[in-house]
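**Student:** Below is the file final_38.cif, with mmCIF, C-alpha atoms.
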```
data_start
loop_
_atom_site.label_atom_id
_atom_site.label_comp_id
_atom_site.auth_asym_id
_atom_site.auth_seq_id
_atom_site.Cartn_x
_atom_site.Cartn_y
_atom_site.Cartn_z
CA MET A 8 -7.26 -30.10 5.03
CA VAL A 9 -8.11 -31.61 1.65
CA LEU A 10 -11.84 -31.09 2.22
CA LEU A 11 -11.21 -27.58 3.49
CA VAL A 12 -9.19 -26.64 0.43
CA SER A 13 -11.85 -28.18 -1.85
CA TRP A 14 -15.05 -26.84 -0.30
CA ALA A 15 -14.25 -23.74 1.73
CA PRO A 16 -13.76 -21.30 -1.20
CA VAL A 17 -17.36 -21.86 -2.28
CA GLY A 18 -18.76 -21.08 1.16
CA LEU A 19 -16.47 -18.10 1.77
CA LYS A 20 -17.66 -16.08 -1.22
CA ARG A 21 -20.38 -14.34 0.80
CA VAL A 22 -18.32 -13.53 3.90
CA PRO A 23 -15.28 -11.24 4.39
CA LEU A 24 -12.94 -14.15 5.06
CA THR A 25 -10.37 -16.01 3.03
CA LEU A 26 -9.20 -19.59 3.12
CA ALA A 27 -5.84 -18.36 4.45
CA ILE A 28 -7.48 -16.69 7.46
CA LEU A 29 -9.56 -19.81 8.10
CA CYS A 30 -6.48 -22.07 8.02
CA VAL A 31 -4.52 -19.85 10.41
CA ALA A 32 -7.48 -19.83 12.80
CA LEU A 33 -7.78 -23.60 12.50
CA GLY A 34 -4.09 -23.97 13.33
CA VAL A 35 -4.43 -21.77 16.40
CA LEU A 36 -7.48 -23.72 17.53
CA VAL A 37 -6.05 -27.21 17.01
CA PHE A 38 -2.61 -26.57 18.49
CA SER A 39 -3.81 -24.45 21.42
CA THR A 40 -6.05 -27.28 22.70
CA GLY A 41 -3.09 -29.61 23.22
CA LEU A 42 -4.54 -32.28 20.92
CA LEU A 43 -1.24 -32.38 19.06
CA ALA A 44 2.02 -32.57 20.96
CA PHE A 45 3.97 -31.45 17.90
CA ASP A 46 5.23 -27.84 18.07
CA PRO A 47 5.48 -26.42 14.52
CA ASP A 48 7.76 -23.53 15.54
CA PRO A 49 10.04 -22.43 12.66
CA ARG A 50 12.69 -21.54 15.22
CA THR A 51 12.91 -25.23 16.13
CA TRP A 52 12.41 -26.71 12.66
CA ASP A 53 14.56 -24.21 10.79
CA THR A 54 15.82 -26.56 8.06
CA VAL A 55 12.41 -28.16 7.49
CA THR A 56 10.88 -24.67 7.35
CA GLU A 57 13.38 -23.59 4.71
CA ARG A 58 12.81 -26.65 2.52
CA LEU A 59 9.02 -26.73 2.78
CA THR A 60 8.61 -23.02 2.03
CA GLU A 61 11.11 -23.39 -0.82
CA LEU A 62 8.97 -26.10 -2.41
CA VAL A 63 5.76 -24.10 -2.07
CA VAL A 64 7.32 -20.98 -3.58
CA ILE A 65 8.67 -22.71 -6.70
CA ILE A 66 5.33 -24.41 -7.37
CA ALA A 67 3.60 -21.05 -7.00
CA LEU A 68 6.09 -19.43 -9.38
CA MET A 69 5.36 -22.02 -12.07
CA GLY A 70 1.62 -21.41 -11.72
CA ALA A 71 2.10 -17.63 -11.86
CA GLY A 72 4.15 -17.81 -15.04
CA LEU A 73 1.76 -20.15 -16.82
CA LYS A 74 -1.30 -17.97 -16.26
CA LEU A 75 0.14 -14.69 -17.56
CA ASP A 76 -1.47 -14.00 -20.93
CA ARG A 77 0.55 -10.86 -21.67
CA PRO A 78 3.79 -11.50 -23.63
CA LEU A 79 7.01 -10.24 -22.09
CA GLY A 80 7.89 -6.71 -23.20
CA TRP A 81 9.37 -3.46 -21.98
CA ARG A 82 6.26 -1.32 -22.37
CA ARG A 83 3.72 -4.09 -21.78
CA TRP A 84 5.38 -4.89 -18.44
CA SER A 85 6.04 -1.28 -17.41
CA SER A 86 4.22 -1.65 -14.07
CA THR A 87 6.35 -4.68 -13.25
CA TRP A 88 9.64 -2.95 -14.01
CA ARG A 89 8.63 0.04 -11.91
CA LEU A 90 7.76 -2.11 -8.91
CA LEU A 91 10.95 -4.13 -9.22
CA ALA A 92 13.40 -1.32 -9.94
CA VAL A 93 11.98 1.30 -7.57
CA ALA A 94 9.52 -0.10 -5.03
CA MET A 95 11.57 -3.14 -4.01
CA PRO A 96 14.90 -1.35 -3.31
CA LEU A 97 13.05 1.43 -1.48
CA THR A 98 11.26 -1.18 0.64
CA ILE A 99 14.51 -2.97 1.49
CA ALA A 100 16.23 0.29 2.46
CA ALA A 101 13.27 1.58 4.51
CA VAL A 102 12.71 -1.68 6.38
CA ALA A 103 16.43 -2.06 7.06
CA TRP A 104 16.52 1.48 8.45
CA LEU A 105 13.52 0.73 10.66
CA GLY A 106 15.27 -2.42 11.81
CA VAL A 107 18.36 -0.49 12.92
CA ALA A 108 16.76 2.73 14.18
CA GLY A 109 13.46 1.41 15.45
CA LEU A 110 14.17 -2.15 16.57
CA GLY A 111 17.83 -1.87 17.53
CA PHE A 112 18.83 -4.74 15.23
CA SER A 113 22.36 -5.15 13.94
CA LEU A 114 22.93 -4.04 10.36
CA ALA A 115 23.07 -7.68 9.23
CA MET A 116 19.77 -8.62 10.85
CA ALA A 117 18.12 -5.41 9.62
CA LEU A 118 19.25 -6.20 6.06
CA LEU A 119 17.84 -9.69 6.37
CA LEU A 120 14.53 -8.27 7.59
CA GLY A 121 14.49 -5.78 4.70
CA ALA A 122 15.21 -8.46 2.10
CA ALA A 123 12.56 -10.78 3.58
CA MET A 124 9.92 -8.03 3.56
CA ALA A 125 10.65 -6.79 0.03
CA PRO A 126 8.97 -9.41 -2.20
CA THR A 127 5.27 -9.59 -2.89
CA ASP A 128 4.48 -13.18 -2.02
CA PRO A 129 3.61 -15.38 -5.03
CA VAL A 130 1.83 -17.86 -2.74
CA LEU A 131 -0.51 -15.81 -0.56
CA ALA A 132 -1.13 -13.31 -3.37
CA ALA A 133 -3.32 -15.79 -5.28
CA ASP A 134 -6.45 -13.76 -4.56
CA VAL A 135 -5.00 -10.66 -6.24
CA GLN A 136 -3.37 -12.41 -9.18
CA VAL A 137 -4.64 -12.90 -12.71
CA GLY A 138 -7.03 -15.70 -13.51
CA PRO A 139 -6.24 -19.00 -15.24
CA PRO A 140 -4.61 -18.98 -18.70
CA ALA A 141 -6.71 -17.32 -21.41
CA SER A 142 -9.48 -16.49 -18.90
CA GLY A 143 -9.37 -12.77 -19.69
CA ASP A 144 -9.07 -11.91 -15.99
CA GLU A 145 -5.91 -9.82 -16.38
CA ASP A 146 -6.43 -6.15 -15.52
CA GLU A 147 -3.39 -3.99 -14.84
CA VAL A 148 -3.50 -4.40 -11.06
CA ARG A 149 -3.71 -8.18 -11.16
CA PHE A 150 -1.09 -8.40 -13.88
CA GLY A 151 1.31 -6.08 -12.08
CA LEU A 152 1.07 -7.95 -8.79
CA THR A 153 1.38 -11.38 -10.45
CA SER A 154 4.40 -10.50 -12.58
CA GLU A 155 6.06 -8.66 -9.69
CA ALA A 156 5.58 -11.67 -7.41
CA GLY A 157 7.04 -13.91 -10.10
CA LEU A 158 10.29 -11.97 -10.38
CA ASN A 159 10.96 -10.23 -7.08
CA ASP A 160 11.59 -13.39 -5.08
CA ALA A 161 14.76 -13.97 -7.09
CA LEU A 162 15.72 -10.28 -7.14
CA ALA A 163 15.54 -10.10 -3.34
CA PHE A 164 17.97 -13.01 -2.97
CA PRO A 165 21.15 -10.92 -3.52
CA PHE A 166 20.18 -8.80 -0.52
CA VAL A 167 19.77 -11.91 1.61
CA HIS A 168 23.33 -12.84 0.64
CA LEU A 169 24.39 -9.28 1.45
CA ALA A 170 22.90 -9.69 4.94
CA ILE A 171 24.78 -13.00 5.35
CA LEU A 172 27.96 -11.23 4.23
CA ALA A 173 27.35 -8.46 6.76
CA ALA A 174 26.81 -11.05 9.51
CA ALA A 175 30.24 -12.50 8.66
CA GLY A 176 31.84 -9.05 8.80
CA GLY A 177 32.55 -9.01 5.08
CA LEU A 178 31.17 -5.57 4.23
CA ALA A 179 34.55 -4.02 5.02
CA SER A 180 36.32 -6.32 2.56
CA THR A 181 36.65 -5.17 -1.03
CA GLY A 182 37.17 -8.74 -2.21
CA ALA A 183 34.03 -9.96 -0.47
CA LEU A 184 31.94 -7.13 -1.96
CA THR A 185 33.38 -7.79 -5.42
CA ASP A 186 32.47 -11.47 -5.08
CA TRP A 187 28.96 -10.47 -4.00
CA VAL A 188 28.48 -8.28 -7.08
CA ALA A 189 30.06 -10.69 -9.54
CA VAL A 190 28.66 -13.98 -8.21
CA LYS A 191 25.65 -13.35 -5.96
CA VAL A 192 24.19 -10.68 -8.25
CA ALA A 193 25.45 -11.01 -11.83
CA TRP A 194 26.19 -14.71 -12.27
CA LYS A 195 23.31 -16.11 -10.23
CA LEU A 196 20.75 -13.91 -11.98
CA LEU A 197 22.15 -14.66 -15.45
CA ALA A 198 22.35 -18.39 -14.70
CA GLY A 199 18.78 -18.43 -13.39
CA ALA A 200 17.40 -16.64 -16.43
CA GLY A 201 19.49 -18.66 -18.89
CA VAL A 202 18.80 -22.12 -17.49
CA GLY A 203 15.12 -21.32 -17.04
CA PHE A 204 14.87 -20.23 -20.67
CA VAL A 205 16.66 -23.34 -21.97
CA VAL A 206 14.54 -25.73 -19.90
CA GLY A 207 11.39 -23.86 -20.91
CA ARG A 208 12.29 -24.05 -24.60
CA ALA A 209 12.98 -27.77 -24.29
CA PHE A 210 9.60 -28.39 -22.67
CA ALA A 211 7.82 -26.19 -25.21
CA PHE A 212 9.42 -28.19 -28.02
CA LEU A 213 8.47 -31.53 -26.48
CA LEU A 214 4.93 -30.44 -25.69
CA PHE A 215 3.94 -28.51 -28.80
CA HIS A 216 6.32 -28.77 -31.74
CA ASN A 217 7.03 -32.48 -31.33
CA ALA A 218 3.36 -33.23 -30.65
CA ARG A 219 2.32 -31.47 -33.87
CA ALA A 220 4.88 -33.57 -35.72
CA GLY A 221 3.27 -36.74 -34.42
CA GLY A 222 5.71 -37.30 -31.55
CA ILE A 223 4.95 -37.53 -27.85
CA ARG A 224 1.56 -36.62 -26.51
CA PHE A 225 0.96 -33.89 -24.02
CA GLY A 226 0.56 -36.10 -20.95
CA ASP A 227 -1.18 -34.46 -17.98
CA GLY A 228 -0.68 -31.66 -15.51
CA LEU A 229 2.22 -33.48 -13.87
CA VAL A 230 4.32 -32.00 -16.65
CA ALA A 231 4.17 -28.67 -14.81
CA LEU A 232 5.64 -30.24 -11.68
CA ALA A 233 8.35 -31.94 -13.74
CA ALA A 234 9.27 -28.64 -15.41
CA THR A 235 9.35 -26.91 -12.02
CA LEU A 236 11.69 -29.43 -10.42
CA LEU A 237 13.98 -29.80 -13.44
CA ALA A 238 14.37 -26.06 -13.96
CA TYR A 239 15.00 -25.47 -10.27
CA THR A 240 17.47 -28.34 -9.85
CA ALA A 241 19.44 -27.57 -13.01
CA THR A 242 19.78 -23.94 -11.94
CA GLU A 243 20.89 -24.83 -8.43
CA LEU A 244 23.55 -27.12 -9.94
CA ALA A 245 24.68 -24.16 -12.05
CA HIS A 246 24.77 -22.01 -8.88
CA GLY A 247 22.02 -19.73 -10.12
CA TYR A 248 18.78 -18.48 -8.62
CA GLY A 249 16.24 -21.28 -9.02
CA PHE A 250 13.28 -19.02 -8.24
CA LEU A 251 14.05 -16.92 -11.31
CA ALA A 252 14.59 -20.02 -13.44
CA VAL A 253 11.20 -21.52 -12.61
CA PHE A 254 9.31 -18.34 -13.47
CA ILE A 255 11.26 -17.80 -16.71
CA CYS A 256 10.70 -21.47 -17.58
CA ALA A 257 6.94 -21.02 -17.13
CA LEU A 258 6.88 -17.88 -19.29
CA THR A 259 8.87 -19.66 -21.99
CA ILE A 260 6.57 -22.70 -22.01
CA ARG A 261 3.57 -20.39 -22.27
CA SER A 262 5.08 -18.49 -25.19
CA GLY A 263 5.72 -21.74 -27.08
CA GLU A 264 2.03 -22.09 -27.94
CA ARG A 265 0.31 -19.27 -26.11
CA ASP A 266 -3.33 -20.22 -26.65
CA HIS A 267 -3.10 -23.99 -26.26
CA VAL A 268 -5.59 -25.56 -23.84
CA PHE A 269 -2.86 -27.68 -22.23
CA HIS A 270 -1.64 -24.59 -20.36
CA GLN A 271 -4.93 -24.68 -18.45
CA GLU A 272 -4.35 -28.31 -17.43
CA MET A 273 -0.81 -27.61 -16.23
CA HIS A 274 -1.95 -24.53 -14.34
CA ASP A 275 -4.82 -26.38 -12.66
CA PHE A 276 -2.51 -29.12 -11.43
CA SER A 277 0.04 -26.61 -10.08
CA ASP A 278 -2.74 -24.62 -8.47
CA GLN A 279 -4.16 -27.64 -6.62
CA ILE A 280 -0.76 -28.73 -5.29
CA GLU A 281 0.06 -25.15 -4.33
CA ARG A 282 -3.22 -24.61 -2.48
CA LEU A 283 -2.88 -27.83 -0.53
CA LEU A 284 0.70 -27.09 0.53
CA ILE A 285 0.07 -23.45 1.41
CA MET A 286 -2.96 -24.31 3.53
CA LEU A 287 -0.90 -26.91 5.37
CA LEU A 288 1.77 -24.28 5.96
CA LEU A 289 -0.82 -21.80 7.23
CA VAL A 290 -2.23 -24.33 9.69
CA LEU A 291 1.31 -24.89 10.94
CA PHE A 292 1.78 -21.12 11.08
CA GLY A 293 -1.32 -20.86 13.25
CA GLY A 294 0.14 -23.60 15.44
CA ALA A 295 3.39 -21.64 15.76
CA LEU A 296 1.40 -18.56 16.80
CA SER A 297 -0.40 -20.52 19.50
CA ASN A 298 2.92 -21.93 20.74
CA GLY A 299 4.62 -18.61 21.32
CA LEU A 300 6.00 -17.36 18.00
CA LEU A 301 5.04 -13.80 18.97
CA ASP A 302 6.10 -13.98 22.62
CA ALA A 303 9.20 -11.87 22.00
CA LEU A 304 7.18 -9.15 20.24
CA THR A 305 7.21 -5.71 21.88
CA TRP A 306 4.94 -2.74 21.27
CA THR A 307 7.75 -1.09 19.30
CA ASP A 308 8.10 -4.21 17.18
CA ALA A 309 4.37 -4.20 16.48
CA LEU A 310 4.41 -0.53 15.46
CA VAL A 311 7.30 -1.16 13.09
CA GLY A 312 5.46 -4.14 11.65
CA LEU A 313 2.34 -2.04 11.05
CA ALA A 314 4.50 0.64 9.41
CA VAL A 315 5.89 -1.94 6.99
CA VAL A 316 2.40 -2.99 5.88
CA PHE A 317 0.61 0.38 5.90
CA VAL A 318 3.38 2.88 5.15
CA VAL A 319 6.58 1.45 3.67
CA ARG A 320 5.19 -0.69 0.86
CA PRO A 321 2.34 1.68 -0.11
CA VAL A 322 4.64 4.72 -0.24
CA ALA A 323 7.35 2.82 -2.12
CA GLY A 324 4.74 1.54 -4.57
CA LEU A 325 3.33 5.01 -5.20
CA VAL A 326 6.81 6.44 -5.73
CA ALA A 327 7.47 3.66 -8.23
CA MET A 328 4.32 4.53 -10.15
CA LEU A 329 5.08 8.26 -10.45
CA GLY A 330 4.74 9.32 -14.06
CA SER A 331 2.79 6.19 -14.96
CA SER A 332 -0.13 6.53 -17.34
CA HIS A 333 -2.29 4.23 -15.22
CA PRO A 334 -5.24 5.69 -13.29
CA MET A 335 -4.68 6.64 -9.67
CA ARG A 336 -6.98 3.89 -8.40
CA GLU A 337 -4.83 1.27 -10.08
CA ARG A 338 -1.65 2.83 -8.70
CA LEU A 339 -3.06 2.82 -5.18
CA LEU A 340 -4.02 -0.84 -5.37
CA LEU A 341 -0.67 -1.84 -6.88
CA ALA A 342 1.04 -0.06 -4.01
CA PHE A 343 -1.20 -1.31 -1.20
CA LEU A 344 -1.68 -4.97 -2.13
CA GLY A 345 1.93 -6.04 -1.68
CA ILE A 346 1.19 -9.16 0.34
CA ARG A 347 3.90 -10.65 2.56
CA GLY A 348 3.91 -14.35 3.32
CA VAL A 349 5.68 -17.63 2.60
CA GLY A 350 8.56 -16.09 0.67
CA SER A 351 9.42 -13.96 3.70
CA VAL A 352 9.51 -17.06 5.91
CA TYR A 353 11.82 -18.77 3.43
CA TYR A 354 14.29 -15.90 3.31
CA VAL A 355 14.48 -15.58 7.08
CA ALA A 356 14.99 -19.34 7.46
CA TYR A 357 17.59 -19.36 4.68
CA GLY A 358 19.48 -16.43 6.16
CA ILE A 359 19.56 -17.86 9.67
CA ASN A 360 20.60 -21.29 8.38
CA HIS A 361 23.48 -19.85 6.32
CA GLY A 362 24.68 -16.95 8.48
CA ASP A 363 25.50 -16.04 12.06
CA PHE A 364 22.87 -13.52 13.12
CA GLY A 365 22.80 -14.33 16.82
CA ASP A 366 19.51 -14.49 18.71
CA SER A 367 16.66 -14.48 16.18
CA GLU A 368 13.67 -14.58 18.56
CA ARG A 369 12.58 -11.00 17.91
CA LEU A 370 13.27 -11.28 14.19
CA TRP A 371 10.92 -14.27 13.92
CA ALA A 372 8.36 -12.45 16.06
CA VAL A 373 8.42 -9.35 13.85
CA VAL A 374 8.22 -11.39 10.64
CA GLY A 375 5.41 -13.54 12.03
CA PHE A 376 3.47 -10.44 13.10
CA ILE A 377 3.85 -8.76 9.69
CA ILE A 378 2.69 -11.90 7.89
CA LEU A 379 -0.30 -12.24 10.23
CA VAL A 380 -1.30 -8.60 9.66
CA SER A 381 -0.90 -9.03 5.89
CA ILE A 382 -3.03 -12.18 5.86
CA LEU A 383 -5.80 -10.44 7.82
CA VAL A 384 -5.74 -6.99 6.20
CA HIS A 385 -5.06 -7.93 2.61
CA GLY A 386 -7.20 -11.05 2.88
CA VAL A 387 -10.26 -9.07 3.92
CA THR A 388 -9.76 -6.05 1.65
CA ALA A 389 -8.22 -7.40 -1.57
CA ALA A 390 -11.23 -9.11 -3.15
CA PRO A 391 -13.74 -6.28 -2.43
CA LEU A 392 -11.33 -3.60 -3.64
CA LEU A 393 -10.55 -5.41 -6.87
CA GLU A 394 -14.21 -6.23 -7.46
CA ARG A 395 -15.16 -2.60 -6.90
CA LEU A 396 -12.46 -1.50 -9.34
CA ALA A 397 -13.69 -3.96 -11.96
CA ARG A 398 -17.33 -2.96 -11.41
CA ARG A 399 -16.61 0.76 -11.81
CA ARG A 400 -14.66 0.03 -14.94
CA ARG A 401 -17.46 -2.11 -16.40
CA ASP A 402 -20.10 0.48 -15.57
CA GLY A 403 -18.01 3.33 -16.96
CA ASN A 404 -19.03 5.67 -14.11
CA ASP A 405 -15.48 6.46 -13.03
CA ALA A 406 -13.70 9.42 -14.61
CA ASP A 407 -10.48 7.43 -14.55
CA PHE A 408 -12.03 4.76 -16.72
CA ARG A 409 -13.85 6.67 -19.41
CA PRO A 410 -14.15 4.38 -22.43
CA GLU A 411 -12.20 5.50 -25.45
CA PRO A 412 -14.40 7.17 -28.08
CA ALA A 413 -15.26 4.98 -30.98
CA PRO A 414 -13.39 5.84 -34.16
CA ALA A 415 -15.23 8.21 -36.41
CA THR A 416 -17.02 6.57 -39.30
CA GLN A 417 -15.09 7.18 -42.48
CA PRO A 418 -17.13 8.43 -45.43
CA ASP A 419 -17.74 5.82 -48.07
CA THR A 420 -15.80 6.98 -51.14
CA ARG A 421 -16.80 4.07 -53.31
CA PRO A 422 -18.98 4.87 -56.33
CA PRO A 423 -22.63 4.07 -55.77
CA ALA A 424 -23.66 0.67 -56.94
CA ALA A 425 -25.77 0.56 -60.04
CA ALA A 426 -29.43 0.08 -59.35
CA PRO A 427 -30.71 -3.33 -60.34
CA PRO A 428 -32.72 -3.34 -63.55
CA ARG A 429 -36.39 -2.88 -63.01
CA ALA A 430 -38.42 -5.87 -63.96
CA GLY A 431 -40.81 -5.28 -66.82
CA PRO A 432 -44.41 -6.45 -66.91
CA ARG A 433 -44.70 -10.15 -67.06
CA GLN A 434 -46.63 -11.80 -69.89
CA GLY A 435 -50.26 -12.05 -69.07
CA ASP A 436 -50.32 -9.04 -66.74
#
```
Can you dump the structure from the file as structure tokens?

**Tutor:**
Amino acid sequence: MVLLVSWAPVGLKRVPLTLAILCVALGVLVFSTGLLAFDPDPRTWDTVTERLTELVVIIALMGAGLKLDRPLGWRRWSSTWRLLAVAMPLTIAAVAWLGVAGLGFSLAMALLLGAAMAPTDPVLAADVQVGPPASGDEDEVRFGLTSEAGLNDALAFPFVHLAILAAAGGLASTGALTDWVAVKVAWKLLAGAGVGFVVGRAFAFLLFHNARAGGIRFGDGLVALAATLLAYTATELAHGYGFLAVFICALTIRSGERDHVFHQEMHDFSDQIERLLIMLLLVLFGGALSNGLLDALTWTDALVGLAVVFVVRPVAGLVAMLGSSHPMRERLLLAFLGIRGVGSVYYVAYGINHGDFGDSERLWAVVGFIILVSILVHGVTAAPLLERLARRRRDGNDADFRPEPAPATQPDTRPPAAAPPRAGPRQGD
């Protein structure tokens, strides 16, 4: 796995494959031969699945926050707010409706499916995210998908709690709904943002301000892992959303000294740990596929899964971008490249471990199928589509990307400079 993570990206540049696809195929191959007696089925290892995916997600969120060059702002992040405020709720509602009407799920299980399918995955979306800090690889599509993935994992959590509440029969209780709004939505989001900001400010002070004053030195990339774990743990102790805290912490550290080279070192360390863990998870996912994760899948389930990938998210994304000033090509890519992955697995495992949803065989099958389709479809298409978009923009041959005209040259109103005195004849001429 270590060699694969280190060497495979270089060899895969010329073929329409990604490291994620290769790892899933490797998992299917290894586990289907019977060489390993271990069955990595998330339905069996539900608690381990929840914890391992939780760890991968928070490491990915730290990396995503550190590599965003654009400062936080209402207008600068307009694509992000649109995707979060419009596309995500529409996706949850549409998937939940498909779960009830198309799959015959209970309302609770359909809500859990909708919440799990709402977030763009911060882990598997690495190929469509911005480049390393200060690399300049931050077009609107990459920025929108990276920032959305950084925030929507936390914003989907209240709907997971709503599904757990529905499973317990609490939707008919005014007190339970009030508690959901006050605690699961308001307090947990505020606590996550607040603790993440405080921890981020503390790390920014220790890393940059104190270092300039002759205090502690920067250390190495392990600082990023320390910040991740401290922000997450402190927020969980405060009963907030740790996912939100980690991303806010990363943004705050980055804003402390935005152009410092140490951000690159922290990002590189987070990226290496993240890639190793996600590839391990994908091999295990391939093993789960070979051991019957999709056995309960029906043709109806498969059609609903395809609708989630090819209809629900793209339509919700386009609706969210209505009225946007961005070119249509960018809107289409922002809508289409909503990758589903590890975050979805975490939410399903969390929901099942904390609620009574009954038999979850078909739910796991549908989620596994959607993730597999997303890995294959988005993995093959994302890089070529983004490269084509960048190439057309560089070449200037797309009407959507006409370069802005250069400002007109202002007339020089200064008085003409006096001509230098003409030299007279030299003596002896």

**Student:** Per residue of segment 250-341 of chain A within 7 Å of segment 157-175 of chain A, note the shortest atom pair and the distance in Å to one decimal, counting all atoms listed in the file, and order the rows by chain and increasing residue number, as a tab-separated table.

**Tutor:**
```
residue	atom	partner	partner_atom	distance
A:Phe250	CA	A:Ala161	CA	5.4
A:Leu251	CA	A:Ala161	CA	5.2
A:Phe254	CA	A:Gly157	CA	6.0
```

**Student:** Specify as a VMD selection string each residue included when the PyMOL selection byres ((chain A and resi 300) around 12) is applied to this file.

**Tutor:** chain A and resid 35 46 to 51 291 to 299 301 to 304 367 to 376 378 to 379

**Student:** Using the chain letters and residue numbers of this document, give as an NGL selection string the residues selected by the PyMOL selection byres ((chain A and resi 285) around 12).

**Tutor:** :A and (8-9 or 12 or 26-28 or 30-31 or 59-67 or 128-133 or 277-284 or 286-292 or 348-350)

**Student:** What separation in Å, quoted to one decimal, exists between atom CA of Leu33 of chain A and atom CA of His385 of chain A?

**Tutor:** 18.7 Å

**Student:** Quick one: residues within 8 Å of Leu344 of chain A, all atoms listed in the file, excluding same-chain residues fewer than 5 positions away - as a PyMOL selection string?

**Tutor:** chain A and resi 135+152+385+389

**Student:** Can I get the selection written as a PDB file, in the frame of the given file, with C-alpha atoms?

**Tutor:**
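New file out38.pdb:
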```pdb
ATOM      1  CA  VAL A 135      -5.000 -10.660  -6.240  1.00  0.00           C
ATOM      2  CA  LEU A 152       1.070  -7.950  -8.790  1.00  0.00           C
ATOM      3  CA  HIS A 385      -5.060  -7.930   2.610  1.00  0.00           C
ATOM      4  CA  ALA A 389      -8.220  -7.400  -1.570  1.00  0.00           C
TER       5      ALA A 389
END
```

**Student:** Which residue gives the smallest distance to Leu392 of chain A among A:Leu214, A:Leu340, A:Arg347, A:Leu114, with all atoms listed in the file counted?

**Tutor:**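 Smallest separation from Leu392 of chain A among the options: A:Leu340.
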
**Student:** Specify as a list in words each residue included when the PyMOL selection byres ((chain A and resi 84) around 12) is applied to this file.

**Tutor:**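 Applied to this file, the PyMOL selection byres ((chain A and resi 84) around 12) returns Leu75, Asp76, Arg77, Pro78, Leu79, Gly80, Trp81, Arg82, Arg83, Ser85, Ser86, Thr87, Trp88, Arg89, Leu90, Leu91, Glu147, Val148, Phe150, Gly151, Leu152, Thr153, Ser154, Glu155, Leu158 and Ser331 of chain A.
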
**Student:** With only C-alpha atoms as the counted atoms, please give the residues lying no more than 10 Å from Ala193 of chain A, apart from itself and same-chain residues fewer than 6 positions off, as a list in words.

**Tutor:** Pro165, Asp186, Trp187 and Gly247 of chain A

**Student:** Determine the nearest neighbour of Asp146 of chain A from the options A:His274, A:Arg320, A:His216, A:Arg400, counting all atoms listed in the file.

**Tutor:**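 The shortest atom-to-atom distance to Asp146 of chain A comes from A:Arg400.
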
**Student:** Please compute the atom CA of Gly199 of chain A-atom CA of Tyr354 of chain A distance, one decimal, in Å.

**Tutor:**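 Interatomic distance here is 17.5 Å.
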
**Student:** Measure the distance from atom CA of Ile99 of chain A to atom CA of Ala323 of chain A in Å and round it to one decimal.

**Tutor:**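 Going from atom CA of Ile99 of chain A over to atom CA of Ala323 of chain A covers 9.9 Å.
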